[in-house]
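Colleague: See final-v6.pdb below, with PDB, C-alpha atoms.
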```pdb
ATOM      1  CA  ARG S 124     120.995  70.032 174.869  1.00  0.00           C
ATOM      2  CA  PRO S 125     120.989  73.014 172.467  1.00  0.00           C
ATOM      3  CA  ALA S 126     123.648  75.681 172.619  1.00  0.00           C
ATOM      4  CA  ASP S 127     122.745  78.865 174.460  1.00  0.00           C
ATOM      5  CA  PRO S 128     121.198  81.154 171.802  1.00  0.00           C
ATOM      6  CA  ALA S 129     122.324  84.410 173.410  1.00  0.00           C
ATOM      7  CA  GLU S 130     125.899  83.189 173.826  1.00  0.00           C
ATOM      8  CA  LEU S 131     126.107  82.015 170.219  1.00  0.00           C
ATOM      9  CA  LEU S 132     124.577  85.231 168.943  1.00  0.00           C
ATOM     10  CA  ALA S 133     127.098  87.288 170.902  1.00  0.00           C
ATOM     11  CA  ALA S 134     129.998  85.186 169.603  1.00  0.00           C
ATOM     12  CA  LEU S 135     128.875  85.638 166.009  1.00  0.00           C
ATOM     13  CA  THR S 136     127.706  89.246 165.965  1.00  0.00           C
ATOM     14  CA  GLY S 137     128.881  90.887 169.184  1.00  0.00           C
ATOM     15  CA  PRO S 138     127.224  91.349 172.581  1.00  0.00           C
ATOM     16  CA  ALA S 139     124.991  94.191 171.405  1.00  0.00           C
ATOM     17  CA  ALA S 140     122.962  91.919 169.154  1.00  0.00           C
ATOM     18  CA  GLY S 141     120.623  90.752 171.935  1.00  0.00           C
ATOM     19  CA  THR S 142     118.437  87.652 171.741  1.00  0.00           C
ATOM     20  CA  PRO S 143     115.340  88.387 169.598  1.00  0.00           C
ATOM     21  CA  LEU S 144     116.929  86.738 166.552  1.00  0.00           C
ATOM     22  CA  ALA S 145     117.988  83.562 168.325  1.00  0.00           C
ATOM     23  CA  THR S 146     115.955  80.736 169.799  1.00  0.00           C
ATOM     24  CA  ALA S 147     116.254  77.105 170.796  1.00  0.00           C
ATOM     25  CA  GLN S 148     113.977  74.568 169.118  1.00  0.00           C
ATOM     26  CA  GLY S 149     114.360  71.134 170.616  1.00  0.00           C
ATOM     27  CA  PRO S 150     117.998  70.038 170.294  1.00  0.00           C
ATOM     28  CA  ARG S 151     118.836  72.859 167.876  1.00  0.00           C
ATOM     29  CA  THR S 152     119.555  76.555 168.095  1.00  0.00           C
ATOM     30  CA  VAL S 153     118.120  78.718 165.322  1.00  0.00           C
ATOM     31  CA  LEU S 154     119.761  82.059 164.533  1.00  0.00           C
ATOM     32  CA  LEU S 155     118.738  84.794 162.119  1.00  0.00           C
ATOM     33  CA  LEU S 156     121.968  86.627 161.342  1.00  0.00           C
ATOM     34  CA  PRO S 157     123.367  89.251 158.989  1.00  0.00           C
ATOM     35  CA  ALA S 158     124.934  87.585 155.955  1.00  0.00           C
ATOM     36  CA  ASP S 159     128.427  88.739 156.909  1.00  0.00           C
ATOM     37  CA  ALA S 160     128.228  86.838 160.206  1.00  0.00           C
ATOM     38  CA  ALA S 161     128.255  83.499 158.383  1.00  0.00           C
ATOM     39  CA  GLY S 162     132.005  83.771 157.822  1.00  0.00           C
ATOM     40  CA  ALA S 163     132.691  83.500 161.551  1.00  0.00           C
ATOM     41  CA  ALA S 164     130.368  80.540 162.046  1.00  0.00           C
ATOM     42  CA  PRO S 165     132.785  77.662 161.258  1.00  0.00           C
ATOM     43  CA  ALA S 166     135.331  78.762 163.870  1.00  0.00           C
ATOM     44  CA  VAL S 167     132.689  79.577 166.491  1.00  0.00           C
ATOM     45  CA  LEU S 168     130.968  76.216 166.064  1.00  0.00           C
ATOM     46  CA  ARG S 169     134.240  74.275 165.973  1.00  0.00           C
ATOM     47  CA  GLU S 170     135.331  75.805 169.288  1.00  0.00           C
ATOM     48  CA  ARG S 171     132.087  74.578 170.850  1.00  0.00           C
ATOM     49  CA  GLY S 172     131.985  71.172 169.188  1.00  0.00           C
ATOM     50  CA  LEU S 173     128.800  72.069 167.305  1.00  0.00           C
ATOM     51  CA  ARG S 174     127.547  71.444 163.792  1.00  0.00           C
ATOM     52  CA  GLY S 175     125.684  73.955 161.701  1.00  0.00           C
ATOM     53  CA  CYS S 176     124.037  74.839 158.428  1.00  0.00           C
ATOM     54  CA  ALA S 177     124.056  78.410 157.093  1.00  0.00           C
ATOM     55  CA  ILE S 178     121.326  79.282 154.595  1.00  0.00           C
ATOM     56  CA  THR S 179     122.275  82.603 153.007  1.00  0.00           C
ATOM     57  CA  GLY S 180     120.513  82.495 149.645  1.00  0.00           C
ATOM     58  CA  GLU S 181     116.894  82.869 150.790  1.00  0.00           C
ATOM     59  CA  GLY S 182     115.101  86.155 151.443  1.00  0.00           C
ATOM     60  CA  LEU S 183     112.937  86.946 154.445  1.00  0.00           C
ATOM     61  CA  ASP S 184     109.874  85.974 152.418  1.00  0.00           C
ATOM     62  CA  ARG S 185     111.265  82.414 152.307  1.00  0.00           C
ATOM     63  CA  ILE S 186     112.453  82.144 155.875  1.00  0.00           C
ATOM     64  CA  ALA S 187     110.288  79.067 156.442  1.00  0.00           C
ATOM     65  CA  VAL S 188     111.951  77.423 153.434  1.00  0.00           C
ATOM     66  CA  ALA S 189     115.390  78.307 154.814  1.00  0.00           C
ATOM     67  CA  HIS S 190     114.495  76.785 158.176  1.00  0.00           C
ATOM     68  CA  ARG S 191     113.230  73.604 156.528  1.00  0.00           C
ATOM     69  CA  LEU S 192     116.364  73.332 154.390  1.00  0.00           C
ATOM     70  CA  ALA S 193     118.687  73.725 157.375  1.00  0.00           C
ATOM     71  CA  THR S 194     116.705  71.279 159.506  1.00  0.00           C
ATOM     72  CA  CYS S 195     116.652  68.674 156.741  1.00  0.00           C
ATOM     73  CA  ALA S 196     120.371  69.134 156.101  1.00  0.00           C
ATOM     74  CA  LEU S 197     121.364  68.666 159.731  1.00  0.00           C
ATOM     75  CA  THR S 198     119.076  65.647 160.035  1.00  0.00           C
ATOM     76  CA  THR S 199     120.123  63.824 156.876  1.00  0.00           C
ATOM     77  CA  ALA S 200     123.736  64.831 156.159  1.00  0.00           C
ATOM     78  CA  PRO S 201     126.132  61.881 156.427  1.00  0.00           C
ATOM     79  CA  GLU S 202     128.827  61.941 159.070  1.00  0.00           C
ATOM     80  CA  HIS S 203     131.602  62.711 156.594  1.00  0.00           C
ATOM     81  CA  ALA S 204     129.807  65.889 155.471  1.00  0.00           C
ATOM     82  CA  HIS S 205     130.664  67.376 158.873  1.00  0.00           C
ATOM     83  CA  ARG S 206     134.368  68.066 158.947  1.00  0.00           C
ATOM     84  CA  PRO S 207     136.113  70.301 161.512  1.00  0.00           C
ATOM     85  CA  GLY S 208     135.831  73.911 160.448  1.00  0.00           C
ATOM     86  CA  ARG S 209     133.066  73.230 157.932  1.00  0.00           C
ATOM     87  CA  ILE S 210     129.409  74.116 158.099  1.00  0.00           C
ATOM     88  CA  LEU S 211     126.803  72.974 155.616  1.00  0.00           C
ATOM     89  CA  THR S 212     125.848  75.591 153.036  1.00  0.00           C
ATOM     90  CA  ASP S 213     122.855  76.383 150.847  1.00  0.00           C
ATOM     91  CA  ALA S 214     124.276  74.097 148.178  1.00  0.00           C
ATOM     92  CA  ASP S 215     124.679  71.188 150.605  1.00  0.00           C
ATOM     93  CA  ALA S 216     121.175  71.737 151.960  1.00  0.00           C
ATOM     94  CA  HIS S 217     119.594  71.850 148.509  1.00  0.00           C
ATOM     95  CA  VAL S 218     121.405  68.662 147.445  1.00  0.00           C
ATOM     96  CA  LEU S 219     120.243  66.881 150.597  1.00  0.00           C
ATOM     97  CA  ALA S 220     116.664  68.064 150.064  1.00  0.00           C
ATOM     98  CA  LEU S 221     116.843  66.809 146.482  1.00  0.00           C
ATOM     99  CA  LEU S 222     118.098  63.415 147.662  1.00  0.00           C
ATOM    100  CA  ALA S 223     115.347  63.293 150.287  1.00  0.00           C
ATOM    101  CA  GLY S 224     112.730  63.809 147.585  1.00  0.00           C
ATOM    102  CA  HIS S 225     111.476  67.267 148.533  1.00  0.00           C
ATOM    103  CA  PRO S 226     113.655  69.858 146.766  1.00  0.00           C
ATOM    104  CA  ALA S 227     113.037  73.527 147.488  1.00  0.00           C
ATOM    105  CA  THR S 228     113.848  74.536 143.911  1.00  0.00           C
ATOM    106  CA  ASP S 229     114.337  72.895 140.524  1.00  0.00           C
ATOM    107  CA  ALA S 230     117.160  70.424 139.991  1.00  0.00           C
ATOM    108  CA  GLU S 231     118.930  72.518 137.369  1.00  0.00           C
ATOM    109  CA  HIS S 232     119.159  75.476 139.750  1.00  0.00           C
ATOM    110  CA  ILE S 233     120.528  73.204 142.461  1.00  0.00           C
ATOM    111  CA  GLY S 234     123.197  71.971 140.082  1.00  0.00           C
ATOM    112  CA  ARG S 235     124.259  75.473 139.198  1.00  0.00           C
ATOM    113  CA  LEU S 236     124.175  76.507 142.867  1.00  0.00           C
ATOM    114  CA  VAL S 237     126.759  73.829 143.664  1.00  0.00           C
ATOM    115  CA  LEU S 238     128.899  74.447 140.594  1.00  0.00           C
ATOM    116  CA  GLY S 239     128.906  78.228 140.888  1.00  0.00           C
ATOM    117  CA  PRO S 240     131.188  79.827 138.279  1.00  0.00           C
ATOM    118  CA  LEU S 241     131.906  76.399 136.782  1.00  0.00           C
ATOM    119  CA  ALA S 242     128.476  76.553 135.130  1.00  0.00           C
ATOM    120  CA  ARG S 243     129.539  79.540 133.009  1.00  0.00           C
ATOM    121  CA  PRO S 244     130.493  78.954 129.364  1.00  0.00           C
ATOM    122  CA  ALA S 245     133.942  80.462 129.949  1.00  0.00           C
ATOM    123  CA  GLN S 246     134.719  77.699 132.458  1.00  0.00           C
ATOM    124  CA  ARG S 247     133.567  74.826 130.258  1.00  0.00           C
ATOM    125  CA  HIS S 248     137.104  73.408 130.128  1.00  0.00           C
ATOM    126  CA  LEU S 249     137.123  73.177 133.928  1.00  0.00           C
ATOM    127  CA  LEU S 250     133.756  71.445 133.973  1.00  0.00           C
ATOM    128  CA  GLU S 251     135.063  69.009 131.356  1.00  0.00           C
ATOM    129  CA  ALA S 252     138.070  68.277 133.559  1.00  0.00           C
ATOM    130  CA  LEU S 253     135.864  67.782 136.611  1.00  0.00           C
ATOM    131  CA  THR S 254     133.493  65.518 134.698  1.00  0.00           C
ATOM    132  CA  ALA S 255     136.323  63.383 133.347  1.00  0.00           C
ATOM    133  CA  TYR S 256     137.817  63.092 136.835  1.00  0.00           C
ATOM    134  CA  LEU S 257     134.490  62.131 138.398  1.00  0.00           C
ATOM    135  CA  ASP S 258     133.863  59.551 135.676  1.00  0.00           C
ATOM    136  CA  THR S 259     137.277  57.912 135.965  1.00  0.00           C
ATOM    137  CA  GLY S 260     138.227  58.546 139.599  1.00  0.00           C
ATOM    138  CA  SER S 261     141.782  59.246 138.504  1.00  0.00           C
ATOM    139  CA  ALA S 262     143.526  62.423 137.409  1.00  0.00           C
ATOM    140  CA  THR S 263     145.836  60.384 135.174  1.00  0.00           C
ATOM    141  CA  ALA S 264     142.981  58.559 133.454  1.00  0.00           C
ATOM    142  CA  ALA S 265     140.989  61.784 133.128  1.00  0.00           C
ATOM    143  CA  ALA S 266     143.974  63.530 131.544  1.00  0.00           C
ATOM    144  CA  ARG S 267     144.407  60.653 129.120  1.00  0.00           C
ATOM    145  CA  GLY S 268     140.752  60.811 128.120  1.00  0.00           C
ATOM    146  CA  LEU S 269     140.961  64.555 127.500  1.00  0.00           C
ATOM    147  CA  ARG S 270     144.390  64.291 125.842  1.00  0.00           C
ATOM    148  CA  LEU S 271     145.932  66.560 128.447  1.00  0.00           C
ATOM    149  CA  HIS S 272     149.163  66.333 130.387  1.00  0.00           C
ATOM    150  CA  PRO S 273     148.356  65.061 133.920  1.00  0.00           C
ATOM    151  CA  GLN S 274     149.756  68.263 135.412  1.00  0.00           C
ATOM    152  CA  SER S 275     147.388  70.312 133.246  1.00  0.00           C
ATOM    153  CA  LEU S 276     144.468  68.234 134.483  1.00  0.00           C
ATOM    154  CA  ARG S 277     145.548  68.673 138.106  1.00  0.00           C
ATOM    155  CA  TYR S 278     145.839  72.411 137.584  1.00  0.00           C
ATOM    156  CA  ARG S 279     142.281  72.490 136.262  1.00  0.00           C
ATOM    157  CA  LEU S 280     141.088  70.539 139.287  1.00  0.00           C
ATOM    158  CA  ARG S 281     142.766  73.100 141.541  1.00  0.00           C
ATOM    159  CA  ARG S 282     140.854  75.803 139.694  1.00  0.00           C
ATOM    160  CA  VAL S 283     137.671  73.792 140.235  1.00  0.00           C
ATOM    161  CA  ARG S 284     138.344  73.884 143.986  1.00  0.00           C
ATOM    162  CA  GLU S 285     139.111  77.598 143.932  1.00  0.00           C
ATOM    163  CA  LEU S 286     136.022  78.600 141.957  1.00  0.00           C
ATOM    164  CA  SER S 287     133.465  76.224 143.465  1.00  0.00           C
ATOM    165  CA  GLY S 288     134.846  76.011 146.994  1.00  0.00           C
ATOM    166  CA  ARG S 289     134.521  72.226 146.691  1.00  0.00           C
ATOM    167  CA  ASP S 290     137.283  69.652 146.579  1.00  0.00           C
ATOM    168  CA  PRO S 291     136.509  66.658 144.328  1.00  0.00           C
ATOM    169  CA  ARG S 292     138.899  64.555 146.441  1.00  0.00           C
ATOM    170  CA  ASP S 293     136.678  64.981 149.512  1.00  0.00           C
ATOM    171  CA  PRO S 294     133.998  62.236 149.594  1.00  0.00           C
ATOM    172  CA  TRP S 295     131.049  64.486 150.455  1.00  0.00           C
ATOM    173  CA  GLN S 296     132.036  67.360 148.213  1.00  0.00           C
ATOM    174  CA  ARG S 297     132.754  64.911 145.416  1.00  0.00           C
ATOM    175  CA  LEU S 298     129.211  63.569 145.738  1.00  0.00           C
ATOM    176  CA  THR S 299     127.674  67.044 145.612  1.00  0.00           C
ATOM    177  CA  LEU S 300     129.751  67.925 142.548  1.00  0.00           C
ATOM    178  CA  ASP S 301     128.795  64.664 140.858  1.00  0.00           C
ATOM    179  CA  ILE S 302     125.098  65.298 141.475  1.00  0.00           C
ATOM    180  CA  ALA S 303     125.434  68.914 140.373  1.00  0.00           C
ATOM    181  CA  ARG S 304     127.084  68.214 137.036  1.00  0.00           C
ATOM    182  CA  THR S 305     124.454  65.546 136.369  1.00  0.00           C
ATOM    183  CA  VAL S 306     121.386  67.687 137.058  1.00  0.00           C
ATOM    184  CA  ALA S 307     122.645  71.103 135.963  1.00  0.00           C
ATOM    185  CA  GLY S 308     122.237  70.445 132.262  1.00  0.00           C
ATOM    186  CA  PRO S 309     124.569  71.848 129.616  1.00  0.00           C
ATOM    187  CA  PRO S 310     126.325  75.160 130.256  1.00  0.00           C
ATOM    188  CA  PRO S 311     124.622  78.220 128.725  1.00  0.00           C
ATOM    189  CA  GLY S 312     125.539  78.533 125.079  1.00  0.00           C
ATOM    190  CA  ARG S 313     126.136  74.826 124.589  1.00  0.00           C
ATOM    191  CA  ASP S 314     123.803  72.972 122.229  1.00  0.00           C
ATOM    192  CA  ASP S 315     123.680  69.241 122.819  1.00  0.00           C
ATOM    193  CA  GLY S 316     121.174  68.740 120.039  1.00  0.00           C
ATOM    194  CA  PRO S 317     117.793  67.037 120.319  1.00  0.00           C
ATOM    195  CA  GLY S 318     117.141  65.599 123.725  1.00  0.00           C
ATOM    196  CA  GLY S 319     119.655  67.819 125.526  1.00  0.00           C
ATOM    197  CA  GLY S 320     120.693  66.050 128.674  1.00  0.00           C
ATOM    198  CA  ALA S 321     123.250  66.570 131.379  1.00  0.00           C
ATOM    199  CA  PHE S 322     126.668  67.836 130.388  1.00  0.00           C
ATOM    200  CA  ARG S 323     129.020  64.885 130.595  1.00  0.00           C
ATOM    201  CA  VAL S 324     132.326  63.855 129.101  1.00  0.00           C
ATOM    202  CA  SER S 325     132.907  60.157 128.607  1.00  0.00           C
ATOM    203  CA  SER S 326     136.412  58.788 128.760  1.00  0.00           C
ATOM    204  CA  PRO S 327     137.447  56.073 126.326  1.00  0.00           C
TER     205      PRO S 327
END
```
Transcribe the structure of this file into structure tokens.

Modeller:
Amino acid sequence: RPADPAELLAALTGPAAGTPLATAQGPRTVLLLPADAAGAAPAVLRERGLRGCAITGEGLDRIAVAHRLATCALTTAPEHAHRPGRILTDADAHVLALLAGHPATDAEHIGRLVLGPLARPAQRHLLEALTAYLDTGSATAAARGLRLHPQSLRYRLRRVRELSGRDPRDPWQRLTLDIARTVAGPPPGRDDGPGGGAFRVSSP
């Protein structure tokens, strides 16, 4: 049974919001909210034992795309993508749509959407650290491959979490980061020569 749209809307935006921007569609409740209401969503949904997907990067002219992305995400996301206090985001939804074979935008944009600031040239050292960690599965091995002290590598991974909002130790977020660094292509300003290709660092 879907959550009560009016009750959810009131919890997220206040009782004066009314119900025109909320509706139930089958087992799901669909809300059209101000962008600043998304911050309250994880706590509100957790209190009610609900799962959600917040699409904040699409304009009103692409509301049908946003609805499709959210529906696909909630239908196809694996169980471990839903952790207490977490809702699926645009980045999660775009990755899931890509995996399902019907992306709503190009793969490179999806990669950069997940990586966020990590895709900038100034953060190349962090993307190198992330790539080495994803390739080896070990901070110690990644540090060895990059000729860094393990503590330096761990510090860079903490910065990865801070800037991207994604923890490479978490199984779902690790997968999204791995897909993102593969499809994003090289950071702006980097020339990989003929053939280009995804930005990767191989460990010895």

Colleague: Which one of S:Leu236, S:Leu221, S:Leu276, S:Ala193 sits closest to Ala255 in chain S if you count all atoms listed in the file?

Modeller: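 For Ala255 in chain S, the nearest of the given residues is S:Leu276.
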
Colleague: CA of Ala216 in chain S and CA of His248 in chain S, how far apart in Å?

Modeller: 27.1 Å

Colleague: Give me the residues near Thr263 in chain S as an MDAnalysis selection string, where near means some atom within 7 Å (using only C-alpha atoms) and where sequence neighbours in that chain fewer than 3 positions away do not count.

Modeller: chainID S and resid 266:267 273

Colleague: Please write as a list in words the full residue list that the PyMOL selection byres ((chain S and resi 288) around 12) yields on this file.

Modeller: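 Evaluating the PyMOL selection byres ((chain S and resi 288) around 12) on this file yields Arg209, Thr212, Ala214, Asp215, Leu236, Val237, Leu238, Gly239, Pro240, Leu241, Leu280, Arg281, Arg282, Val283, Arg284, Glu285, Leu286, Ser287, Arg289, Asp290, Pro291, Asp293, Gln296, Arg297, Thr299 and Leu300 of chain S.
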
Colleague: Output C-alpha atoms of each residue in that selection to a file, as a short mmCIF file (atom, residue, chain, number, x, y, z; two decimals), in the coordinates of the input.

Modeller:
```
data_model
loop_
_atom_site.label_atom_id
_atom_site.label_comp_id
_atom_site.auth_asym_id
_atom_site.auth_seq_id
_atom_site.Cartn_x
_atom_site.Cartn_y
_atom_site.Cartn_z
CA ARG S 209 133.07 73.23 157.93
CA THR S 212 125.85 75.59 153.04
CA ALA S 214 124.28 74.10 148.18
CA ASP S 215 124.68 71.19 150.60
CA LEU S 236 124.18 76.51 142.87
CA VAL S 237 126.76 73.83 143.66
CA LEU S 238 128.90 74.45 140.59
CA GLY S 239 128.91 78.23 140.89
CA PRO S 240 131.19 79.83 138.28
CA LEU S 241 131.91 76.40 136.78
CA LEU S 280 141.09 70.54 139.29
CA ARG S 281 142.77 73.10 141.54
CA ARG S 282 140.85 75.80 139.69
CA VAL S 283 137.67 73.79 140.24
CA ARG S 284 138.34 73.88 143.99
CA GLU S 285 139.11 77.60 143.93
CA LEU S 286 136.02 78.60 141.96
CA SER S 287 133.46 76.22 143.46
CA ARG S 289 134.52 72.23 146.69
CA ASP S 290 137.28 69.65 146.58
CA PRO S 291 136.51 66.66 144.33
CA ASP S 293 136.68 64.98 149.51
CA GLN S 296 132.04 67.36 148.21
CA ARG S 297 132.75 64.91 145.42
CA THR S 299 127.67 67.04 145.61
CA LEU S 300 129.75 67.92 142.55
#
```

Colleague: Taking into account only C-alpha atoms, which residue in the set S:Val218, S:Leu298, S:Ala307, S:Ala227 is nearest to His203 in chain S?

Modeller: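 Of all the options, S:Leu298 lies closest to His203 in chain S.
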
Colleague: Excluding Ile186 in chain S and any residue of its chain fewer than 6 positions from it, enumerate the residues within 10 Å of it, using only C-alpha atoms, and give them as a list of chain:residue names.

Modeller: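 Counting only the stated atoms, we get S:Leu155, S:Ile178, S:Leu192.
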
Colleague: I'd like the interatomic distance between CA of Gly137 in chain S and CA of Ala166 in chain S, to a tenth of an Å.

Modeller: 14.7 Å

Colleague: Could you state the separation of CA of Gln148 in chain S and CA of Leu222 in chain S in Å, given to one decimal place?

Modeller: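 That distance, rounded to one decimal, is 24.5 Å.
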
Colleague: Between S:Leu144, S:Ile210, S:Leu219, S:Ile233, which is the closest to Leu173 in chain S once you count all atoms listed in the file?

Modeller: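 The closest residue to Leu173 in chain S is S:Ile210.
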
Colleague: From the options S:Leu132, S:Ala200, S:Val306, S:Ala187, which residue's atoms come nearest to Ala164 in chain S, counting all atoms listed in the file?

Modeller: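 Of the candidates, the smallest distance to Ala164 in chain S is held by S:Leu132.
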
Colleague: Restricting the calculation to all atoms listed in the file: of S:Arg247, S:His217, S:Arg206, S:His225, which residue gets closest to Gly172 in chain S?

Modeller: S:Arg206

Colleague: Name the closest residue to Leu257 in chain S among the candidates S:Thr136, S:Pro244, S:Arg304, S:Gln274; distances are taken between atoms, counting all atoms listed in the file.

Modeller: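 Comparing S:Thr136, S:Pro244, S:Arg304, S:Gln274 against Leu257 in chain S, the winner is S:Arg304.
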
Colleague: Which residues would end up in the selection if the PyMOL selection byres ((chain S and resi 168-171) around 12) were applied here, given that I need the answer as a ChimeraX atom specification?

Modeller: /S:125-127,130-132,134-135,152,161-167,172-177,205-211

Colleague: Do you know which residues are at most 6 Å from Leu249 in chain S counting only C-alpha atoms, after dropping those on the same chain fewer than 3 positions away, and could you put them as a PyMOL selection string?

Modeller: chain S and resi 246+252+279

Colleague: Once the PyMOL selection byres ((chain S and resi 265) around 10) has been evaluated on this model, what residues remain selected, and can you format them as a list in words?

Modeller: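 Expected selection for the PyMOL selection byres ((chain S and resi 265) around 10) here is Glu251, Ala252, Leu253, Thr254, Ala255, Tyr256, Leu257, Asp258, Thr259, Gly260, Ser261, Ala262, Thr263, Ala264, Ala266, Arg267, Gly268, Leu269, Arg270, Leu271, His272, Pro273, Leu276, Arg277, Val324, Ser325, Ser326 and Pro327 of chain S.
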